[in-house]
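Data block for data-v4.txt (compact mmCIF, C-alpha atoms):
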```
# COMPACT_ATOMS: atom_id res chain seq x y z
CA MET X 1 18.24 17.72 -10.76
CA THR X 2 15.54 20.31 -10.15
CA THR X 3 13.74 19.12 -7.03
CA ASN X 4 11.85 22.08 -5.62
CA HIS X 5 8.75 21.84 -7.83
CA TYR X 6 7.08 18.92 -6.04
CA LYS X 7 3.91 19.97 -4.26
CA ALA X 8 2.40 16.66 -3.15
CA VAL X 9 3.20 13.07 -2.23
CA ILE X 10 1.06 10.03 -2.95
CA PHE X 11 1.78 7.18 -0.55
CA ASP X 12 1.05 3.52 -0.87
CA LEU X 13 -0.30 2.14 2.43
CA ASP X 14 0.71 -1.48 3.13
CA GLY X 15 4.49 -1.80 3.23
CA THR X 16 5.03 1.94 2.86
CA LEU X 17 3.21 3.82 5.62
CA LEU X 18 2.15 0.81 7.69
CA ASP X 19 3.69 -2.56 8.45
CA THR X 20 0.54 -4.64 8.04
CA VAL X 21 1.95 -7.99 6.99
CA GLN X 22 1.50 -9.84 10.30
CA ASP X 23 -2.19 -9.00 10.63
CA ILE X 24 -2.84 -9.82 6.97
CA ALA X 25 -0.94 -13.11 7.27
CA ASN X 26 -2.72 -14.08 10.47
CA SER X 27 -6.14 -13.33 8.99
CA MET X 28 -5.46 -15.42 5.89
CA ASN X 29 -3.80 -18.24 7.81
CA ASN X 30 -6.70 -18.43 10.28
CA VAL X 31 -9.09 -19.03 7.40
CA LEU X 32 -6.73 -21.50 5.73
CA GLU X 33 -6.39 -23.43 8.98
CA ARG X 34 -10.15 -23.47 9.48
CA HIS X 35 -10.52 -25.20 6.11
CA GLY X 36 -7.56 -27.52 6.55
CA PHE X 37 -5.41 -25.87 3.86
CA PRO X 38 -1.62 -25.35 4.08
CA LEU X 39 -0.47 -22.18 5.85
CA HIS X 40 2.17 -19.70 4.62
CA ASP X 41 5.04 -17.91 6.31
CA ILE X 42 5.57 -14.15 6.48
CA ALA X 43 8.07 -14.19 3.60
CA SER X 44 5.35 -15.64 1.35
CA TYR X 45 2.85 -12.98 2.37
CA ARG X 46 5.34 -10.26 1.48
CA ARG X 47 5.09 -11.59 -2.07
CA PHE X 48 1.32 -12.11 -1.99
CA ILE X 49 0.53 -8.53 -0.93
CA GLY X 50 0.32 -5.69 -3.44
CA ASN X 51 -2.56 -6.38 -5.80
CA GLY X 52 -5.45 -6.28 -3.36
CA ILE X 53 -7.15 -8.79 -1.08
CA SER X 54 -8.83 -10.77 -3.87
CA LYS X 55 -5.47 -11.51 -5.48
CA LEU X 56 -3.86 -12.24 -2.10
CA VAL X 57 -6.52 -14.85 -1.31
CA TYR X 58 -6.13 -16.33 -4.79
CA ARG X 59 -2.37 -16.64 -4.29
CA ALA X 60 -2.65 -18.11 -0.81
CA LEU X 61 -5.20 -20.81 -1.66
CA PRO X 62 -4.34 -24.17 -3.22
CA SER X 63 -4.86 -23.87 -6.97
CA GLU X 64 -7.81 -26.25 -7.09
CA ILE X 65 -9.63 -24.06 -4.54
CA SER X 66 -8.65 -20.65 -5.94
CA GLU X 67 -10.09 -21.72 -9.29
CA GLY X 68 -13.17 -23.35 -7.74
CA VAL X 69 -16.65 -22.50 -6.57
CA HIS X 70 -15.62 -22.00 -2.93
CA TYR X 71 -13.27 -19.09 -3.65
CA ASN X 72 -15.83 -16.32 -3.01
CA LYS X 73 -16.90 -17.87 0.29
CA ILE X 74 -13.31 -18.02 1.48
CA LEU X 75 -12.64 -14.48 0.29
CA ALA X 76 -15.60 -13.26 2.34
CA GLU X 77 -14.26 -15.09 5.39
CA VAL X 78 -10.84 -13.47 5.01
CA ILE X 79 -12.39 -10.01 4.65
CA ASP X 80 -14.40 -10.60 7.82
CA GLU X 81 -11.38 -11.95 9.69
CA TYR X 82 -9.20 -9.01 8.70
CA SER X 83 -11.89 -6.45 9.50
CA ARG X 84 -11.90 -7.72 13.08
CA ASN X 85 -8.13 -8.12 13.46
CA PHE X 86 -6.45 -5.45 11.32
CA ASP X 87 -5.01 -3.62 14.34
CA VAL X 88 -3.32 -6.32 16.40
CA TYR X 89 0.27 -6.04 15.14
CA THR X 90 0.02 -3.29 12.52
CA ARG X 91 2.14 -0.20 13.20
CA LEU X 92 3.61 2.83 11.49
CA TYR X 93 7.08 2.22 10.15
CA ASP X 94 9.82 4.01 12.06
CA GLY X 95 10.26 7.52 10.71
CA ILE X 96 6.88 7.76 8.96
CA GLY X 97 5.42 10.06 11.60
CA GLU X 98 8.40 12.38 11.38
CA LEU X 99 8.20 12.44 7.59
CA LEU X 100 4.46 13.21 7.52
CA SER X 101 4.84 15.98 10.09
CA GLU X 102 7.74 17.56 8.20
CA LEU X 103 5.91 17.40 4.86
CA THR X 104 2.88 19.01 6.47
CA GLN X 105 5.02 21.74 7.97
CA ARG X 106 6.52 22.45 4.54
CA GLY X 107 3.07 22.74 2.95
CA ILE X 108 3.38 19.56 0.90
CA SER X 109 -0.03 17.98 0.27
CA LEU X 110 -0.55 14.31 1.14
CA ALA X 111 -2.64 11.54 -0.42
CA ILE X 112 -2.90 7.75 -0.17
CA LEU X 113 -3.49 5.32 -3.02
CA SER X 114 -3.72 1.68 -2.01
CA ASN X 115 -4.91 -1.59 -3.49
CA LYS X 116 -6.33 -2.46 -0.05
CA ASP X 117 -10.10 -2.77 -0.35
CA ASP X 118 -11.60 0.69 -0.01
CA SER X 119 -13.98 -0.54 2.69
CA PHE X 120 -11.01 -0.90 5.06
CA MET X 121 -9.38 2.42 4.34
CA SER X 122 -11.27 4.88 6.53
CA GLU X 123 -10.92 2.77 9.68
CA VAL X 124 -7.26 1.96 9.08
CA VAL X 125 -6.40 5.60 8.39
CA ALA X 126 -8.44 6.76 11.39
CA THR X 127 -6.65 4.26 13.63
CA TYR X 128 -3.08 4.98 12.59
CA LEU X 129 -2.89 8.20 10.57
CA SER X 130 -5.49 10.58 12.00
CA GLN X 131 -2.78 12.97 13.19
CA TRP X 132 -2.11 14.07 9.61
CA LYS X 133 -4.35 15.46 6.90
CA PHE X 134 -4.59 13.49 3.66
CA GLU X 135 -6.32 15.36 0.85
CA VAL X 136 -7.46 12.14 -0.85
CA VAL X 137 -7.52 8.52 0.38
CA PHE X 138 -8.34 5.87 -2.19
CA GLY X 139 -8.34 2.12 -1.78
CA ALA X 140 -9.43 -0.42 -4.38
CA ARG X 141 -12.87 0.72 -5.54
CA ALA X 142 -15.56 -1.14 -7.44
CA ASN X 143 -15.61 -0.48 -11.18
CA THR X 144 -12.33 1.44 -10.97
CA PRO X 145 -9.03 0.07 -12.29
CA ALA X 146 -6.60 -0.84 -9.52
CA LYS X 147 -2.88 -0.05 -9.50
CA PRO X 148 -0.77 -0.36 -11.62
CA ASP X 149 -3.36 1.30 -13.84
CA PRO X 150 -2.70 5.06 -13.44
CA TYR X 151 -6.41 5.97 -13.39
CA SER X 152 -6.70 6.66 -9.66
CA ALA X 153 -3.34 8.42 -9.43
CA LEU X 154 -4.41 10.78 -12.18
CA GLU X 155 -7.79 11.23 -10.50
CA ILE X 156 -5.99 12.27 -7.32
CA ALA X 157 -3.98 14.83 -9.28
CA GLU X 158 -7.16 16.24 -10.80
CA ILE X 159 -8.94 16.43 -7.42
CA MET X 160 -5.95 18.22 -5.89
CA GLY X 161 -5.61 20.60 -8.83
CA LEU X 162 -2.00 19.65 -9.57
CA GLN X 163 -0.08 18.32 -12.53
CA PRO X 164 1.21 14.72 -12.33
CA THR X 165 4.77 16.03 -12.59
CA GLU X 166 4.25 17.86 -9.28
CA PHE X 167 3.85 14.54 -7.39
CA LEU X 168 6.28 12.23 -5.69
CA PHE X 169 4.87 8.71 -5.50
CA LEU X 170 6.27 6.55 -2.67
CA GLY X 171 5.64 2.81 -2.61
CA ASP X 172 7.29 -0.51 -1.87
CA THR X 173 6.37 -2.80 -4.79
CA SER X 174 6.61 -3.08 -8.55
CA VAL X 175 2.90 -2.17 -8.67
CA ASP X 176 3.63 1.26 -7.19
CA MET X 177 6.60 1.98 -9.45
CA LEU X 178 4.61 1.03 -12.54
CA THR X 179 1.69 3.19 -11.39
CA ALA X 180 3.89 6.21 -10.76
CA ASN X 181 5.63 6.02 -14.11
CA SER X 182 2.40 5.41 -16.03
CA ALA X 183 0.90 8.49 -14.35
CA GLY X 184 3.95 10.67 -15.09
CA MET X 185 4.88 11.00 -11.42
CA TYR X 186 8.30 10.65 -9.76
CA ALA X 187 8.59 7.04 -8.59
CA VAL X 188 10.33 6.56 -5.23
CA GLY X 189 10.83 3.10 -3.75
CA ALA X 190 10.57 2.33 -0.04
CA ALA X 191 13.34 -0.14 0.74
CA TRP X 192 11.87 -0.86 4.20
CA GLY X 193 8.71 -2.38 2.68
CA PHE X 194 7.63 -5.81 1.52
CA ARG X 195 9.80 -6.36 -1.56
CA GLY X 196 13.20 -4.68 -1.72
CA ARG X 197 15.50 -2.55 -3.85
CA GLU X 198 16.00 -4.95 -6.77
CA GLU X 199 12.30 -5.21 -7.59
CA LEU X 200 11.82 -1.46 -7.18
CA TYR X 201 14.64 -0.47 -9.52
CA ALA X 202 13.69 -3.19 -12.01
CA ASN X 203 10.21 -1.69 -12.29
CA GLY X 204 11.10 1.94 -12.75
CA ALA X 205 12.03 3.45 -9.40
CA ARG X 206 13.96 6.64 -10.02
CA LEU X 207 15.21 6.60 -6.44
CA VAL X 208 15.04 4.01 -3.66
CA ILE X 209 15.29 5.33 -0.11
CA ASP X 210 16.29 3.43 3.04
CA CYS X 211 14.31 5.44 5.58
CA PRO X 212 11.27 7.71 5.25
CA VAL X 213 12.95 11.05 5.97
CA ASP X 214 15.28 10.44 3.02
CA LEU X 215 12.35 11.55 0.86
CA LEU X 216 13.03 15.10 1.97
CA GLN X 217 16.18 15.21 -0.17
CA LEU X 218 13.87 15.63 -3.17
CA LEU X 219 12.31 18.73 -1.63
CA GLN X 220 15.46 20.78 -0.99
```
What is this file in structure tokens?
Amino acid sequence: MTTNHYKAVIFDLDGTLLDTVQDIANSMNNVLERHGFPLHDIASYRRFIGNGISKLVYRALPSEISEGVHYNKILAEVIDEYSRNFDVYTRLYDGIGELLSELTQRGISLAILSNKDDSFMSEVVATYLSQWKFEVVFGARANTPAKPDPYSALEIAEIMGLQPTEFLFLGDTSVDMLTANSAGMYAVGAAWGFRGREELYANGARLVIDCPVDLLQLLQ
């Protein structure tokens, strides 16, 4: 395998760079509890996360509410709750700092593409990832297709002046693997994230790695 032509890495955020599940779960559960709805455990939230906050709220609500007129009000409450409590338990995964520093030292460009609402991205990145330079940071943007549509991944490639084949794409869910393959990028699964190896390989991962620095094997 020729591996020395990669010039950039696109990272997913939740479940790849940052372990955010506890803060997301707490924010959603606080709103559910306020309205007297059933709560969910962490394992459930690992399944709910991946397609953006609107879909997460839809999945977490009882079906008669998620399809009803109160959905938008509850969504707004969850967004507000999370905006005030996104940094209680969230942390970088072990080894992410070392990986980002080594990639930077090697001259590999960095970008982030997340389905987290774009309004959260600048503060989250400033809080946890300000030590490293990311050329592009995209969350879910209005009037722009979200992952797994390849639109934003290809937009990142255009902004950075690189071909899609020059990118590694690291993520932890089926959404990320489908995005990477649709964009013509090398799909790498993060086994430490929210889903696991089976889902990643089933959805097109070309390699699944157990710890962040294992990504460097593709840059030898």
**Request:** Please identify all polymer residues within 9 Å of Ile49 in chain X, counting all atoms listed in the file, omitting same-chain residues fewer than 3 positions from it, and present them as a ChimeraX atom specification.
**Result:** /X:14-15,21,24,44-46,52-53,55-56,194
**Message:** Which residues are close to Val88 in chain X, i.e. within 12 Å by all atoms listed in the file, leaving aside same-chain residues fewer than 3 positions away? Reply as a PyMOL selection string.
**Reply:** chain X and resi 19-27+81-85+91+124+127-128
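For the residues X:Asp214, X:Glu102, X:Glu67, X:Asp149, ranking by smallest atom-to-atom distance to Leu170 in chain X using only C-alpha atoms places X:Asp214 first.
With CA of Ile74 in chain X on one side and CA of Pro145 in chain X on the other, the separation reads 23.1 Å.
Closest to Leu218 in chain X among X:Phe138, X:Phe167, X:Trp192, X:Tyr201 is X:Phe167, based on all atoms listed in the file.
Residues within 6 Å of Ala191 in chain X, counting only C-alpha atoms and excluding same-chain residues fewer than 5 positions away, are Gly196, Arg197, Ile209 and Asp210 of chain X.
The closest residue to Ala76 in chain X, picked from X:Thr179, X:Ser63, X:Val31, X:Arg141 and counting all atoms listed in the file, is X:Val31.
Residues with any atom within 10 Å of the point (6.9, 6.7, -12.4), counting only C-alpha atoms, are X:Pro150, X:Pro164, X:Thr165, X:Phe167, X:Leu168, X:Phe169, X:Leu170, X:Asp176, X:Met177, X:Leu178, X:Thr179, X:Ala180, X:Asn181, X:Ser182, X:Ala183, X:Gly184, X:Met185, X:Tyr186, X:Ala187, X:Val188, X:Asn203, X:Gly204, X:Ala205, X:Arg206.
Taking CA of Gln217 in chain X and CA of Gly95 in chain X as endpoints, the distance between them is 14.6 Å.
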**Request:** Return the single residue from X:Ile156, X:Leu39, X:Leu219, X:Ile65 that is closest to Tyr6 in chain X, with distances computed using only C-alpha atoms.
**Result:** X:Leu219
**Fill in**
One decimal place gives the CA of Ala43 in chain X-CA of Phe86 in chain X separation as 18.6 Å
**Prompt:** If we count only C-alpha atoms, what is near Gly161 in chain X at a cut-off of 12 Å, once residues fewer than 6 positions away on the same chain are taken out, given as a list in words?
**Reply:** Lys7, Ala8, Ser109, Glu135, Val136, Leu154, Glu155 and Phe167 of chain X
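Take the candidates X:Leu207, X:Pro62, X:Tyr89, X:Leu129 and check each one against Gly36 in chain X using all atoms listed in the file; the shortest distance goes to X:Pro62.
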**Prompt:** Which of these, X:His5, X:Ala60, X:Lys147, X:Phe37, has the shortest distance to Glu166 in chain X once you count all atoms listed in the file?
**Reply:** X:His5
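Counting only C-alpha atoms, Asn51 in chain X has the following residues at most 10 Å away, ignoring those fewer than 4 positions along the same chain: Arg47, Lys55, Leu56, Ser114, Asn115, Lys116, Asp117, Ala140, Ala146, Lys147, Pro148, Thr173, Val175 and Asp176 of chain X.
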Hey, can you spit out that residue selection with C-alpha atoms as a PDB file, keeping the file's coordinate frame?
```
ATOM      1  CA  ARG X  47       5.090 -11.590  -2.070  1.00  0.00           C
ATOM      2  CA  LYS X  55      -5.470 -11.510  -5.480  1.00  0.00           C
ATOM      3  CA  LEU X  56      -3.860 -12.240  -2.100  1.00  0.00           C
ATOM      4  CA  SER X 114      -3.720   1.680  -2.010  1.00  0.00           C
ATOM      5  CA  ASN X 115      -4.910  -1.590  -3.490  1.00  0.00           C
ATOM      6  CA  LYS X 116      -6.330  -2.460  -0.050  1.00  0.00           C
ATOM      7  CA  ASP X 117     -10.100  -2.770  -0.350  1.00  0.00           C
ATOM      8  CA  ALA X 140      -9.430  -0.420  -4.380  1.00  0.00           C
ATOM      9  CA  ALA X 146      -6.600  -0.840  -9.520  1.00  0.00           C
ATOM     10  CA  LYS X 147      -2.880  -0.050  -9.500  1.00  0.00           C
ATOM     11  CA  PRO X 148      -0.770  -0.360 -11.620  1.00  0.00           C
ATOM     12  CA  THR X 173       6.370  -2.800  -4.790  1.00  0.00           C
ATOM     13  CA  VAL X 175       2.900  -2.170  -8.670  1.00  0.00           C
ATOM     14  CA  ASP X 176       3.630   1.260  -7.190  1.00  0.00           C
TER      15      ASP X 176
END
```
Repaired coordinates for range 23-42 of chain X (N, CA, C and O atoms) as a compact mmCIF listing (two decimals), in the coordinates of the input:
```txt
# COMPACT_ATOMS: atom_id res chain seq x y z
N ASP X 23 -0.74 -8.90 10.49
CA ASP X 23 -2.19 -9.00 10.63
C ASP X 23 -2.84 -9.59 9.37
O ASP X 23 -3.81 -10.36 9.47
N ILE X 24 -2.32 -9.24 8.21
CA ILE X 24 -2.84 -9.82 6.97
C ILE X 24 -2.55 -11.32 6.94
O ILE X 24 -3.43 -12.14 6.63
N ALA X 25 -1.33 -11.70 7.27
CA ALA X 25 -0.94 -13.11 7.27
C ALA X 25 -1.78 -13.91 8.26
O ALA X 25 -2.27 -15.00 7.94
N ASN X 26 -1.95 -13.37 9.46
CA ASN X 26 -2.72 -14.08 10.47
C ASN X 26 -4.17 -14.27 10.04
O ASN X 26 -4.77 -15.34 10.25
N SER X 27 -4.76 -13.23 9.43
CA SER X 27 -6.14 -13.33 8.99
C SER X 27 -6.30 -14.40 7.92
O SER X 27 -7.22 -15.23 7.98
N MET X 28 -5.40 -14.41 6.95
CA MET X 28 -5.46 -15.42 5.89
C MET X 28 -5.18 -16.80 6.44
O MET X 28 -5.89 -17.77 6.13
N ASN X 29 -4.16 -16.92 7.27
CA ASN X 29 -3.80 -18.24 7.81
C ASN X 29 -4.89 -18.80 8.71
O ASN X 29 -5.12 -20.02 8.74
N ASN X 30 -5.59 -17.96 9.45
CA ASN X 30 -6.70 -18.43 10.28
C ASN X 30 -7.78 -19.08 9.44
O ASN X 30 -8.35 -20.12 9.82
N VAL X 31 -8.08 -18.46 8.29
CA VAL X 31 -9.09 -19.03 7.40
C VAL X 31 -8.56 -20.31 6.75
O VAL X 31 -9.29 -21.31 6.64
N LEU X 32 -7.31 -20.29 6.32
CA LEU X 32 -6.73 -21.50 5.73
C LEU X 32 -6.77 -22.67 6.73
O LEU X 32 -7.14 -23.80 6.37
N GLU X 33 -6.40 -22.39 7.96
CA GLU X 33 -6.39 -23.43 8.98
C GLU X 33 -7.79 -23.97 9.24
O GLU X 33 -7.99 -25.18 9.41
N ARG X 34 -8.76 -23.07 9.26
CA ARG X 34 -10.15 -23.47 9.48
C ARG X 34 -10.62 -24.46 8.43
O ARG X 34 -11.43 -25.35 8.72
N HIS X 35 -10.10 -24.32 7.21
CA HIS X 35 -10.52 -25.20 6.11
C HIS X 35 -9.55 -26.35 5.88
O HIS X 35 -9.75 -27.14 4.95
N GLY X 36 -8.50 -26.42 6.70
CA GLY X 36 -7.56 -27.52 6.55
C GLY X 36 -6.58 -27.37 5.40
O GLY X 36 -6.00 -28.36 4.93
N PHE X 37 -6.34 -26.12 4.95
CA PHE X 37 -5.41 -25.87 3.86
C PHE X 37 -4.03 -25.53 4.42
O PHE X 37 -3.91 -25.06 5.56
N PRO X 38 -2.97 -25.70 3.62
CA PRO X 38 -1.62 -25.35 4.08
C PRO X 38 -1.50 -23.86 4.41
O PRO X 38 -2.09 -23.01 3.74
N LEU X 39 -0.72 -23.56 5.45
CA LEU X 39 -0.47 -22.18 5.85
C LEU X 39 0.79 -21.66 5.16
O LEU X 39 1.56 -22.42 4.57
N HIS X 40 1.02 -20.34 5.24
CA HIS X 40 2.17 -19.70 4.62
C HIS X 40 2.93 -18.87 5.64
O HIS X 40 2.34 -18.36 6.60
N ASP X 41 4.23 -18.71 5.41
CA ASP X 41 5.04 -17.91 6.31
C ASP X 41 5.00 -16.44 5.90
O ASP X 41 4.44 -16.07 4.86
N ILE X 42 5.60 -15.60 6.73
CA ILE X 42 5.57 -14.15 6.48
C ILE X 42 6.26 -13.79 5.17
O ILE X 42 5.79 -12.91 4.43
```
